[in-house]
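J.: Enclosed is the structure file run-v1.cif (mmCIF, C-alpha atoms).
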```
data_start
#
loop_
_atom_site.group_PDB
_atom_site.id
_atom_site.type_symbol
_atom_site.label_atom_id
_atom_site.label_comp_id
_atom_site.auth_asym_id
_atom_site.auth_seq_id
_atom_site.Cartn_x
_atom_site.Cartn_y
_atom_site.Cartn_z
ATOM 1 C CA MET A 966 15.619 9.903 10.544
ATOM 2 C CA LYS A 967 13.184 8.463 8.029
ATOM 3 C CA ILE A 968 10.295 10.711 7.047
ATOM 4 C CA PHE A 969 6.888 9.265 6.231
ATOM 5 C CA LEU A 970 4.032 11.367 4.899
ATOM 6 C CA ASP A 971 0.867 11.006 6.973
ATOM 7 C CA THR A 972 -1.898 11.260 4.384
ATOM 8 C CA ALA A 973 -3.902 9.336 1.806
ATOM 9 C CA ASN A 974 -4.163 12.330 -0.514
ATOM 10 C CA ARG A 975 -2.562 11.263 -3.783
ATOM 11 C CA GLU A 976 -1.990 14.798 -5.033
ATOM 12 C CA LEU A 977 -0.047 15.709 -1.911
ATOM 13 C CA ILE A 978 1.993 12.519 -2.124
ATOM 14 C CA LYS A 979 2.695 13.221 -5.780
ATOM 15 C CA LYS A 980 3.826 16.736 -4.825
ATOM 16 C CA TRP A 981 6.346 15.602 -2.212
ATOM 17 C CA ILE A 982 7.797 12.440 -3.735
ATOM 18 C CA PRO A 983 10.076 14.361 -6.197
ATOM 19 C CA THR A 984 11.823 16.104 -3.280
ATOM 20 C CA GLY A 985 13.523 12.838 -2.354
ATOM 21 C CA LEU A 986 12.601 13.428 1.287
ATOM 22 C CA ILE A 987 9.742 10.943 1.605
ATOM 23 C CA ASP A 988 10.673 7.443 2.747
ATOM 24 C CA GLY A 989 7.140 6.098 3.111
ATOM 25 C CA VAL A 990 3.478 6.887 3.734
ATOM 26 C CA THR A 991 1.105 6.176 6.615
ATOM 27 C CA THR A 992 -2.633 6.005 6.069
ATOM 28 C CA ASN A 993 -5.502 5.402 8.484
ATOM 29 C CA PRO A 994 -9.305 5.147 8.272
ATOM 30 C CA SER A 995 -9.700 8.889 8.899
ATOM 31 C CA HIS A 996 -7.394 9.734 5.980
ATOM 32 C CA MET A 997 -9.101 7.204 3.735
ATOM 33 C CA SER A 998 -12.565 8.587 4.497
ATOM 34 C CA LYS A 999 -11.573 11.850 2.779
ATOM 35 C CA GLU A 1000 -10.522 10.210 -0.495
ATOM 36 C CA GLY A 1001 -13.763 8.687 -1.789
ATOM 37 C CA SER A 1002 -15.305 5.243 -1.663
ATOM 38 C CA ASP A 1003 -12.924 3.425 -4.035
ATOM 39 C CA THR A 1004 -10.390 2.762 -1.303
ATOM 40 C CA LYS A 1005 -8.699 -0.042 -3.207
ATOM 41 C CA ALA A 1006 -7.860 2.268 -6.114
ATOM 42 C CA VAL A 1007 -6.560 4.945 -3.742
ATOM 43 C CA LEU A 1008 -4.312 2.493 -1.920
ATOM 44 C CA ARG A 1009 -3.117 0.913 -5.163
ATOM 45 C CA ASP A 1010 -2.077 4.318 -6.484
ATOM 46 C CA ILE A 1011 -0.245 5.150 -3.263
ATOM 47 C CA CYS A 1012 1.620 1.835 -3.211
ATOM 48 C CA ASP A 1013 2.651 2.365 -6.830
ATOM 49 C CA MET A 1014 3.819 5.948 -6.210
ATOM 50 C CA VAL A 1015 5.858 5.236 -3.085
ATOM 51 C CA GLN A 1016 8.975 3.073 -3.111
ATOM 52 C CA GLY A 1017 9.082 2.809 0.682
ATOM 53 C CA PRO A 1018 6.628 1.345 3.206
ATOM 54 C CA VAL A 1019 2.917 2.175 3.013
ATOM 55 C CA SER A 1020 0.952 1.545 6.200
ATOM 56 C CA ILE A 1021 -2.628 0.335 5.724
ATOM 57 C CA GLU A 1022 -4.809 -0.106 8.808
ATOM 58 C CA VAL A 1023 -7.192 -2.955 9.540
ATOM 59 C CA ILE A 1024 -10.835 -2.032 10.086
ATOM 60 C CA GLU A 1025 -12.052 -5.360 11.431
ATOM 61 C CA LYS A 1026 -12.569 -5.618 15.195
ATOM 62 C CA LYS A 1027 -12.768 -9.260 16.262
ATOM 63 C CA PRO A 1028 -9.286 -10.761 16.686
ATOM 64 C CA GLU A 1029 -9.660 -13.584 14.183
ATOM 65 C CA ALA A 1030 -11.158 -11.193 11.621
ATOM 66 C CA VAL A 1031 -8.235 -8.806 12.251
ATOM 67 C CA TYR A 1032 -5.843 -11.666 11.570
ATOM 68 C CA GLU A 1033 -7.528 -12.598 8.288
ATOM 69 C CA GLN A 1034 -7.704 -8.993 7.119
ATOM 70 C CA ALA A 1035 -4.087 -8.376 8.083
ATOM 71 C CA LYS A 1036 -3.006 -11.322 5.928
ATOM 72 C CA GLU A 1037 -5.081 -9.960 3.048
ATOM 73 C CA ILE A 1038 -3.627 -6.464 3.384
ATOM 74 C CA ALA A 1039 -0.085 -7.841 3.533
ATOM 75 C CA LYS A 1040 -0.578 -9.418 0.110
ATOM 76 C CA PHE A 1041 -1.869 -6.182 -1.446
ATOM 77 C CA ALA A 1042 1.576 -4.873 -2.460
ATOM 78 C CA PRO A 1043 5.226 -5.693 -1.674
ATOM 79 C CA ASN A 1044 5.720 -2.452 0.247
ATOM 80 C CA VAL A 1045 2.656 -2.726 2.512
ATOM 81 C CA VAL A 1046 2.896 -2.612 6.299
ATOM 82 C CA VAL A 1047 -0.229 -3.596 8.236
ATOM 83 C CA LYS A 1048 -1.403 -1.224 10.968
ATOM 84 C CA ILE A 1049 -3.078 -2.774 14.013
ATOM 85 C CA PRO A 1050 -4.238 -0.880 17.129
ATOM 86 C CA CYS A 1051 -2.450 -1.644 20.389
ATOM 87 C CA LEU A 1052 -5.220 -3.564 22.177
ATOM 88 C CA PRO A 1053 -4.790 -6.483 24.613
ATOM 89 C CA GLU A 1054 -7.060 -8.801 22.631
ATOM 90 C CA TYR A 1055 -4.850 -8.379 19.561
ATOM 91 C CA MET A 1056 -1.597 -9.455 21.220
ATOM 92 C CA PRO A 1057 -1.935 -13.146 20.231
ATOM 93 C CA ILE A 1058 -2.794 -12.036 16.685
ATOM 94 C CA ILE A 1059 0.186 -9.675 16.543
ATOM 95 C CA HIS A 1060 2.477 -12.451 17.785
ATOM 96 C CA ARG A 1061 1.087 -14.865 15.210
ATOM 97 C CA LEU A 1062 1.479 -12.410 12.338
ATOM 98 C CA VAL A 1063 5.055 -11.545 13.296
ATOM 99 C CA GLN A 1064 5.899 -15.243 13.402
ATOM 100 C CA GLU A 1065 4.487 -15.538 9.883
ATOM 101 C CA GLY A 1066 6.670 -12.694 8.607
ATOM 102 C CA VAL A 1067 4.003 -9.987 8.281
ATOM 103 C CA LYS A 1068 5.360 -6.465 8.750
ATOM 104 C CA LEU A 1069 3.292 -4.630 11.354
ATOM 105 C CA ASN A 1070 2.898 -1.045 12.481
ATOM 106 C CA ILE A 1071 1.275 -1.032 15.919
ATOM 107 C CA THR A 1072 -0.694 2.175 16.217
ATOM 108 C CA LEU A 1073 -2.414 4.155 18.986
ATOM 109 C CA VAL A 1074 0.421 3.546 21.440
ATOM 110 C CA PHE A 1075 0.243 5.882 24.449
ATOM 111 C CA SER A 1076 2.509 4.395 27.106
ATOM 112 C CA GLU A 1077 6.003 3.068 27.546
ATOM 113 C CA ILE A 1078 4.684 -0.318 28.683
ATOM 114 C CA GLN A 1079 2.424 -0.726 25.639
ATOM 115 C CA ALA A 1080 5.448 -0.048 23.435
ATOM 116 C CA LEU A 1081 7.654 -2.412 25.445
ATOM 117 C CA LEU A 1082 5.171 -5.265 25.013
ATOM 118 C CA VAL A 1083 4.805 -4.980 21.246
ATOM 119 C CA ALA A 1084 8.558 -4.446 20.831
ATOM 120 C CA LYS A 1085 9.009 -7.736 22.688
ATOM 121 C CA LEU A 1086 6.825 -9.345 20.007
ATOM 122 C CA GLY A 1087 9.154 -8.089 17.286
ATOM 123 C CA VAL A 1088 6.837 -5.786 15.315
ATOM 124 C CA THR A 1089 8.397 -3.630 12.599
ATOM 125 C CA TYR A 1090 7.107 -0.243 13.769
ATOM 126 C CA ILE A 1091 5.674 1.137 17.003
ATOM 127 C CA SER A 1092 3.627 4.338 16.612
ATOM 128 C CA PRO A 1093 3.396 6.450 19.796
ATOM 129 C CA PHE A 1094 0.863 9.270 19.392
ATOM 130 C CA VAL A 1095 2.471 12.519 20.532
ATOM 131 C CA GLY A 1096 -0.243 15.079 19.763
ATOM 132 C CA ARG A 1097 -3.070 13.141 21.364
ATOM 133 C CA LEU A 1098 -1.141 12.964 24.631
ATOM 134 C CA ASP A 1099 -0.733 16.729 24.470
ATOM 135 C CA ASP A 1100 -4.504 16.945 24.048
ATOM 136 C CA ILE A 1101 -5.035 15.488 27.528
ATOM 137 C CA GLY A 1102 -2.493 17.762 29.189
ATOM 138 C CA LEU A 1103 0.603 15.571 29.008
ATOM 139 C CA GLU A 1104 3.927 16.251 27.261
ATOM 140 C CA GLY A 1105 3.618 13.748 24.432
ATOM 141 C CA SER A 1106 7.209 14.196 23.321
ATOM 142 C CA ASN A 1107 8.418 12.775 26.638
ATOM 143 C CA LEU A 1108 7.071 9.402 25.538
ATOM 144 C CA ILE A 1109 9.409 9.411 22.535
ATOM 145 C CA ASP A 1110 12.364 10.242 24.794
ATOM 146 C CA GLU A 1111 11.666 7.280 27.035
ATOM 147 C CA LEU A 1112 10.931 4.835 24.226
ATOM 148 C CA VAL A 1113 14.341 5.536 22.703
ATOM 149 C CA ILE A 1114 15.934 4.706 26.073
ATOM 150 C CA ILE A 1115 13.893 1.503 26.382
ATOM 151 C CA LYS A 1116 14.881 0.450 22.865
ATOM 152 C CA GLN A 1117 18.544 1.036 23.667
ATOM 153 C CA ASN A 1118 18.283 -0.774 27.009
ATOM 154 C CA TYR A 1119 16.962 -3.962 25.441
ATOM 155 C CA ASN A 1120 18.273 -3.685 21.896
ATOM 156 C CA PHE A 1121 14.813 -4.090 20.395
ATOM 157 C CA SER A 1122 14.616 -4.256 16.611
ATOM 158 C CA SER A 1123 11.239 -2.461 16.386
ATOM 159 C CA GLN A 1124 11.493 1.041 14.961
ATOM 160 C CA ILE A 1125 9.999 3.954 16.878
ATOM 161 C CA LEU A 1126 7.681 5.824 14.534
ATOM 162 C CA ALA A 1127 6.694 9.179 16.050
ATOM 163 C CA ALA A 1128 3.063 9.784 15.070
ATOM 164 C CA SER A 1129 0.294 12.299 15.710
ATOM 165 C CA ILE A 1130 2.802 15.046 14.961
ATOM 166 C CA ARG A 1131 1.012 18.391 15.090
ATOM 167 C CA THR A 1132 3.859 20.896 15.072
ATOM 168 C CA VAL A 1133 7.451 21.404 13.988
ATOM 169 C CA TYR A 1134 8.301 21.355 17.699
ATOM 170 C CA HIS A 1135 6.964 17.775 17.930
ATOM 171 C CA TRP A 1136 9.154 16.852 14.962
ATOM 172 C CA HIS A 1137 12.177 18.591 16.502
ATOM 173 C CA ARG A 1138 11.745 16.731 19.786
ATOM 174 C CA ALA A 1139 11.393 13.373 18.028
ATOM 175 C CA ALA A 1140 14.569 14.031 16.030
ATOM 176 C CA VAL A 1141 16.585 15.047 19.093
ATOM 177 C CA ALA A 1142 15.336 12.003 21.001
ATOM 178 C CA GLY A 1143 16.469 9.689 18.215
ATOM 179 C CA ALA A 1144 13.160 8.316 16.903
ATOM 180 C CA ASP A 1145 13.772 6.088 13.905
ATOM 181 C CA VAL A 1146 10.901 7.515 11.866
ATOM 182 C CA VAL A 1147 8.531 10.452 11.971
ATOM 183 C CA THR A 1148 5.269 10.551 10.062
ATOM 184 C CA LEU A 1149 4.273 14.082 9.157
ATOM 185 C CA PRO A 1150 1.152 15.800 7.906
ATOM 186 C CA PRO A 1151 2.121 17.596 4.691
ATOM 187 C CA ALA A 1152 1.515 20.982 6.329
ATOM 188 C CA VAL A 1153 4.046 20.276 9.094
ATOM 189 C CA LEU A 1154 6.603 19.044 6.562
ATOM 190 C CA GLU A 1155 6.237 22.299 4.646
ATOM 191 C CA GLN A 1156 6.454 24.402 7.803
ATOM 192 C CA GLY A 1157 9.654 22.648 8.803
ATOM 193 C CA MET A 1158 11.366 23.694 5.582
ATOM 194 C CA LYS A 1159 10.785 27.365 6.208
ATOM 195 C CA HIS A 1160 12.317 29.982 8.472
ATOM 196 C CA PRO A 1161 11.724 33.740 8.399
ATOM 197 C CA LEU A 1162 15.462 34.425 8.601
ATOM 198 C CA THR A 1163 16.015 32.361 5.451
ATOM 199 C CA ASP A 1164 13.444 34.470 3.602
ATOM 200 C CA ARG A 1165 14.975 37.645 4.977
ATOM 201 C CA GLY A 1166 18.471 36.554 3.987
ATOM 202 C CA VAL A 1167 17.394 35.851 0.393
ATOM 203 C CA GLU A 1168 15.777 39.273 0.217
ATOM 204 C CA LEU A 1169 18.918 40.984 1.511
ATOM 205 C CA PHE A 1170 21.179 39.125 -0.930
ATOM 206 C CA ASP A 1171 18.855 39.992 -3.829
ATOM 207 C CA ASN A 1172 18.811 43.660 -2.886
ATOM 208 C CA ASP A 1173 22.591 43.809 -2.623
ATOM 209 C CA TRP A 1174 23.046 42.082 -5.988
ATOM 210 C CA LYS A 1175 20.761 44.589 -7.650
ATOM 211 C CA LYS A 1176 23.225 47.325 -6.680
ATOM 212 C CA LEU A 1177 25.637 45.901 -9.276
ATOM 213 C CA ASN A 1178 23.024 46.344 -11.997
ATOM 214 C CA LYS A 1179 24.070 42.996 -13.543
ATOM 215 C CA PRO A 1180 21.376 40.738 -15.057
ATOM 216 C CA THR A 1181 23.568 37.605 -14.878
ATOM 217 C CA LEU A 1182 26.188 36.186 -12.515
ATOM 218 C CA TRP A 1183 29.143 36.487 -14.969
#
```
Write out the structure in this file as structure tokens.
T.:
Amino acid sequence: MKIFLDTANRELIKKWIPTGLIDGVTTNPSHMSKEGSDTKAVLRDICDMVQGPVSIEVIEKKPEAVYEQAKEIAKFAPNVVVKIPCLPEYMPIIHRLVQEGVKLNITLVFSEIQALLVAKLGVTYISPFVGRLDDIGLEGSNLIDELVIIKQNYNFSSQILAASIRTVYHWHRAAVAGADVVTLPPAVLEQGMKHPLTDRGVELFDNDWKKLNKPTLW
């Protein structure tokens, strides 16, 4: 499973890149709004820091304007993936961009049929939003389960990118289902690395070693 970091915070990206765990970064307008007004500088830094894909979302609304902005974003850096919301009016634009070789991440996907349609168009990533489905009383992780089955049924090339991950449980479910990618808030990534029994085990080993009264291993 590839792990993307879901943030536009450069300090957090800089913190996690040396671990070797981060395969890419996803940004969105909400993330960008927290990083100051010089969005171009922020995105340039992120693209330079990250070797893998960096998703940058369009902010235009009219289809033709979305198309033009998507083309502009795609030229920003070699590792850029353009994020476009899954709206009916954008389907011709998405099809056109795919035909022109633009890598797309279709975001705000909430149903199996939405995902099926954009997979049929050959987009690079499909981003189902797990946490937001939970917010309306549904089991968001079930969507990931079914999308993996649909992908296998039809041998689609689009990668399933589990998004809106709020908890380690969401991450766990996406991994068991077989999602290609998960994009994680830094806090969830950190939580996933920890377990109280690991901490307890280290403490027990340390206490037992101290009984030997040896400052070094040899």
J.: Contacts of region 1118-1131 of chain A at 10 Å or less, counting all atoms listed in the file, minus same-chain residues fewer than 5 places along, as a ChimeraX atom specification?
T.: /A:966-969,971,991,1069-1074,1080-1081,1083-1099,1105-1106,1108-1109,1112-1113,1136,1138-1140,1143-1150,1152-1153
J.: Looking at all atoms listed in the file, which of A:Ile1059, A:Ala1042, A:Val1067, A:Asp1110 is the one that sits closest to Leu1082 (chain A)?
T.: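 The answer is A:Ile1059, which sits nearest to Leu1082 (chain A).
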J.: Of the residues A:Lys1176, A:Arg1061, A:Lys1005, A:Lys1048, which is the one nearest to Val1019 (chain A), using only C-alpha atoms?
T.: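 Counting only C-alpha atoms, the residue closest to Val1019 (chain A) is A:Lys1048.
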J.: Would you translate the PyMOL selection byres ((chain A and resi 1021) around 8) into the concrete set of residues it matches in this file, as a ChimeraX atom specification?
T.: /A:991-993,1019-1020,1022-1023,1038,1045-1048
J.: Just to confirm, what's the straight-line distance from CA of Leu1169 (chain A) to CA of Leu1182 (chain A) in Å (one decimal)?
T.: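 Value for the CA of Leu1169 (chain A)-CA of Leu1182 (chain A) distance: 16.5 Å.
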J.: With all atoms listed in the file as the basis for distance, which of A:Asn1044, A:Gln1156, A:Ser995, A:Thr972 is at the shortest distance from Asp1013 (chain A)?
T.: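 Counting all atoms listed in the file, the residue closest to Asp1013 (chain A) is A:Asn1044.
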J.: Please measure the separation of CA of Asp1173 (chain A) and CA of His1160 (chain A), giving the value in Å to one decimal.
T.: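 For CA of Asp1173 (chain A) relative to CA of His1160 (chain A), the distance reads 20.5 Å.
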J.: Quick check, in Å to one decimal: how far apart do CA of Val1141 (chain A) and CA of Ile1114 (chain A) lie?
T.: 12.5 Å
J.: Translate the PyMOL selection byres ((chain A and resi 988) around 9) into a concrete residue list for this structure, as a ChimeraX atom specification.
T.: /A:967-970,982,985-987,989-990,1015-1018
J.: If the PyMOL selection byres ((chain A and resi 1033) around 12) were run on this exact file, what residues would it hold? Put them as a VMD selection string.
T.: chain A and resid 1023 to 1032 1034 to 1040 1047 1058 to 1059 1061 to 1062 1067
J.: Quick one: region 1067-1157 of chain A from the block, C-alpha atoms, as a short mmCIF file (atom, residue, chain, number, x, y, z; two decimals), in the first residue's frame.
T.:
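This went into selection.cif:
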```cif
data_model
loop_
_atom_site.label_atom_id
_atom_site.label_comp_id
_atom_site.auth_asym_id
_atom_site.auth_seq_id
_atom_site.Cartn_x
_atom_site.Cartn_y
_atom_site.Cartn_z
CA VAL A 1067 -2.91 14.50 -17.81
CA LYS A 1068 -2.74 12.54 -14.55
CA LEU A 1069 -5.93 13.07 -12.56
CA ASN A 1070 -7.07 12.42 -9.02
CA ILE A 1071 -10.87 12.50 -8.93
CA THR A 1072 -11.89 13.66 -5.49
CA LEU A 1073 -15.08 13.80 -3.42
CA VAL A 1074 -16.19 10.35 -4.56
CA PHE A 1075 -18.98 8.94 -2.38
CA SER A 1076 -20.52 6.06 -4.31
CA GLU A 1077 -19.54 2.94 -6.17
CA ILE A 1078 -21.16 4.20 -9.37
CA GLN A 1079 -19.29 7.52 -9.29
CA ALA A 1080 -16.04 5.57 -8.96
CA LEU A 1081 -17.03 3.14 -11.72
CA LEU A 1082 -17.68 6.00 -14.15
CA VAL A 1083 -14.37 7.80 -13.62
CA ALA A 1084 -12.47 4.49 -13.63
CA LYS A 1085 -14.04 3.85 -17.04
CA LEU A 1086 -12.49 7.15 -18.17
CA GLY A 1087 -9.04 5.94 -17.14
CA VAL A 1088 -8.14 8.47 -14.43
CA THR A 1089 -4.99 7.81 -12.39
CA TYR A 1090 -6.53 7.98 -8.92
CA ILE A 1091 -10.05 7.76 -7.50
CA SER A 1092 -10.47 9.26 -4.02
CA PRO A 1093 -13.45 7.87 -2.05
CA PHE A 1094 -14.06 9.88 1.13
CA VAL A 1095 -14.40 7.46 4.04
CA GLY A 1096 -14.76 9.82 7.01
CA ARG A 1097 -17.39 12.03 5.44
CA LEU A 1098 -19.61 9.01 4.81
CA ASP A 1099 -19.24 8.12 8.48
CA ASP A 1100 -20.37 11.66 9.28
CA ILE A 1101 -23.79 10.97 7.74
CA GLY A 1102 -24.25 7.65 9.53
CA LEU A 1103 -22.87 5.27 6.91
CA GLU A 1104 -19.92 2.87 7.18
CA GLY A 1105 -17.49 4.67 4.89
CA SER A 1106 -15.02 1.80 4.86
CA ASN A 1107 -17.59 -0.40 3.11
CA LEU A 1108 -17.17 1.79 0.03
CA ILE A 1109 -13.48 0.88 -0.16
CA ASP A 1110 -14.34 -2.82 0.11
CA GLU A 1111 -16.72 -2.63 -2.82
CA LEU A 1112 -14.48 -0.46 -4.99
CA VAL A 1113 -11.70 -3.04 -4.73
CA ILE A 1114 -14.16 -5.70 -5.95
CA ILE A 1115 -15.31 -3.48 -8.83
CA LYS A 1116 -11.71 -2.80 -9.84
CA GLN A 1117 -10.96 -6.52 -9.84
CA ASN A 1118 -14.15 -7.34 -11.76
CA TYR A 1119 -13.29 -5.02 -14.63
CA ASN A 1120 -9.51 -4.82 -14.38
CA PHE A 1121 -9.54 -1.04 -14.19
CA SER A 1122 -6.16 0.68 -14.14
CA SER A 1123 -7.29 3.54 -11.85
CA GLN A 1124 -5.84 3.34 -8.36
CA ILE A 1125 -8.15 3.46 -5.36
CA LEU A 1126 -6.91 6.20 -3.05
CA ALA A 1127 -8.65 5.97 0.34
CA ALA A 1128 -9.21 9.54 1.52
CA SER A 1129 -10.87 11.39 4.39
CA ILE A 1130 -9.14 9.00 6.77
CA ARG A 1131 -9.93 10.04 10.33
CA THR A 1132 -8.73 7.09 12.38
CA VAL A 1133 -6.28 4.20 12.40
CA TYR A 1134 -9.33 1.95 12.04
CA HIS A 1135 -10.13 3.63 8.69
CA TRP A 1136 -6.55 2.98 7.60
CA HIS A 1137 -6.71 -0.64 8.80
CA ARG A 1138 -9.92 -1.27 6.86
CA ALA A 1139 -8.50 0.28 3.68
CA ALA A 1140 -5.38 -1.89 3.96
CA VAL A 1141 -7.36 -5.10 4.51
CA ALA A 1142 -9.65 -4.26 1.60
CA GLY A 1143 -6.68 -3.81 -0.72
CA ALA A 1144 -6.83 -0.08 -1.52
CA ASP A 1145 -3.88 0.92 -3.66
CA VAL A 1146 -3.15 4.10 -1.72
CA VAL A 1147 -4.16 5.74 1.52
CA THR A 1148 -3.73 9.44 2.20
CA LEU A 1149 -3.25 10.15 5.88
CA PRO A 1150 -3.34 13.20 8.11
CA PRO A 1151 0.02 13.33 9.89
CA ALA A 1152 -1.67 12.69 13.25
CA VAL A 1153 -3.19 9.41 12.04
CA LEU A 1154 0.14 8.31 10.57
CA GLU A 1155 1.79 8.90 13.93
CA GLN A 1156 -0.98 7.11 15.82
CA GLY A 1157 -0.63 4.09 13.56
#
```
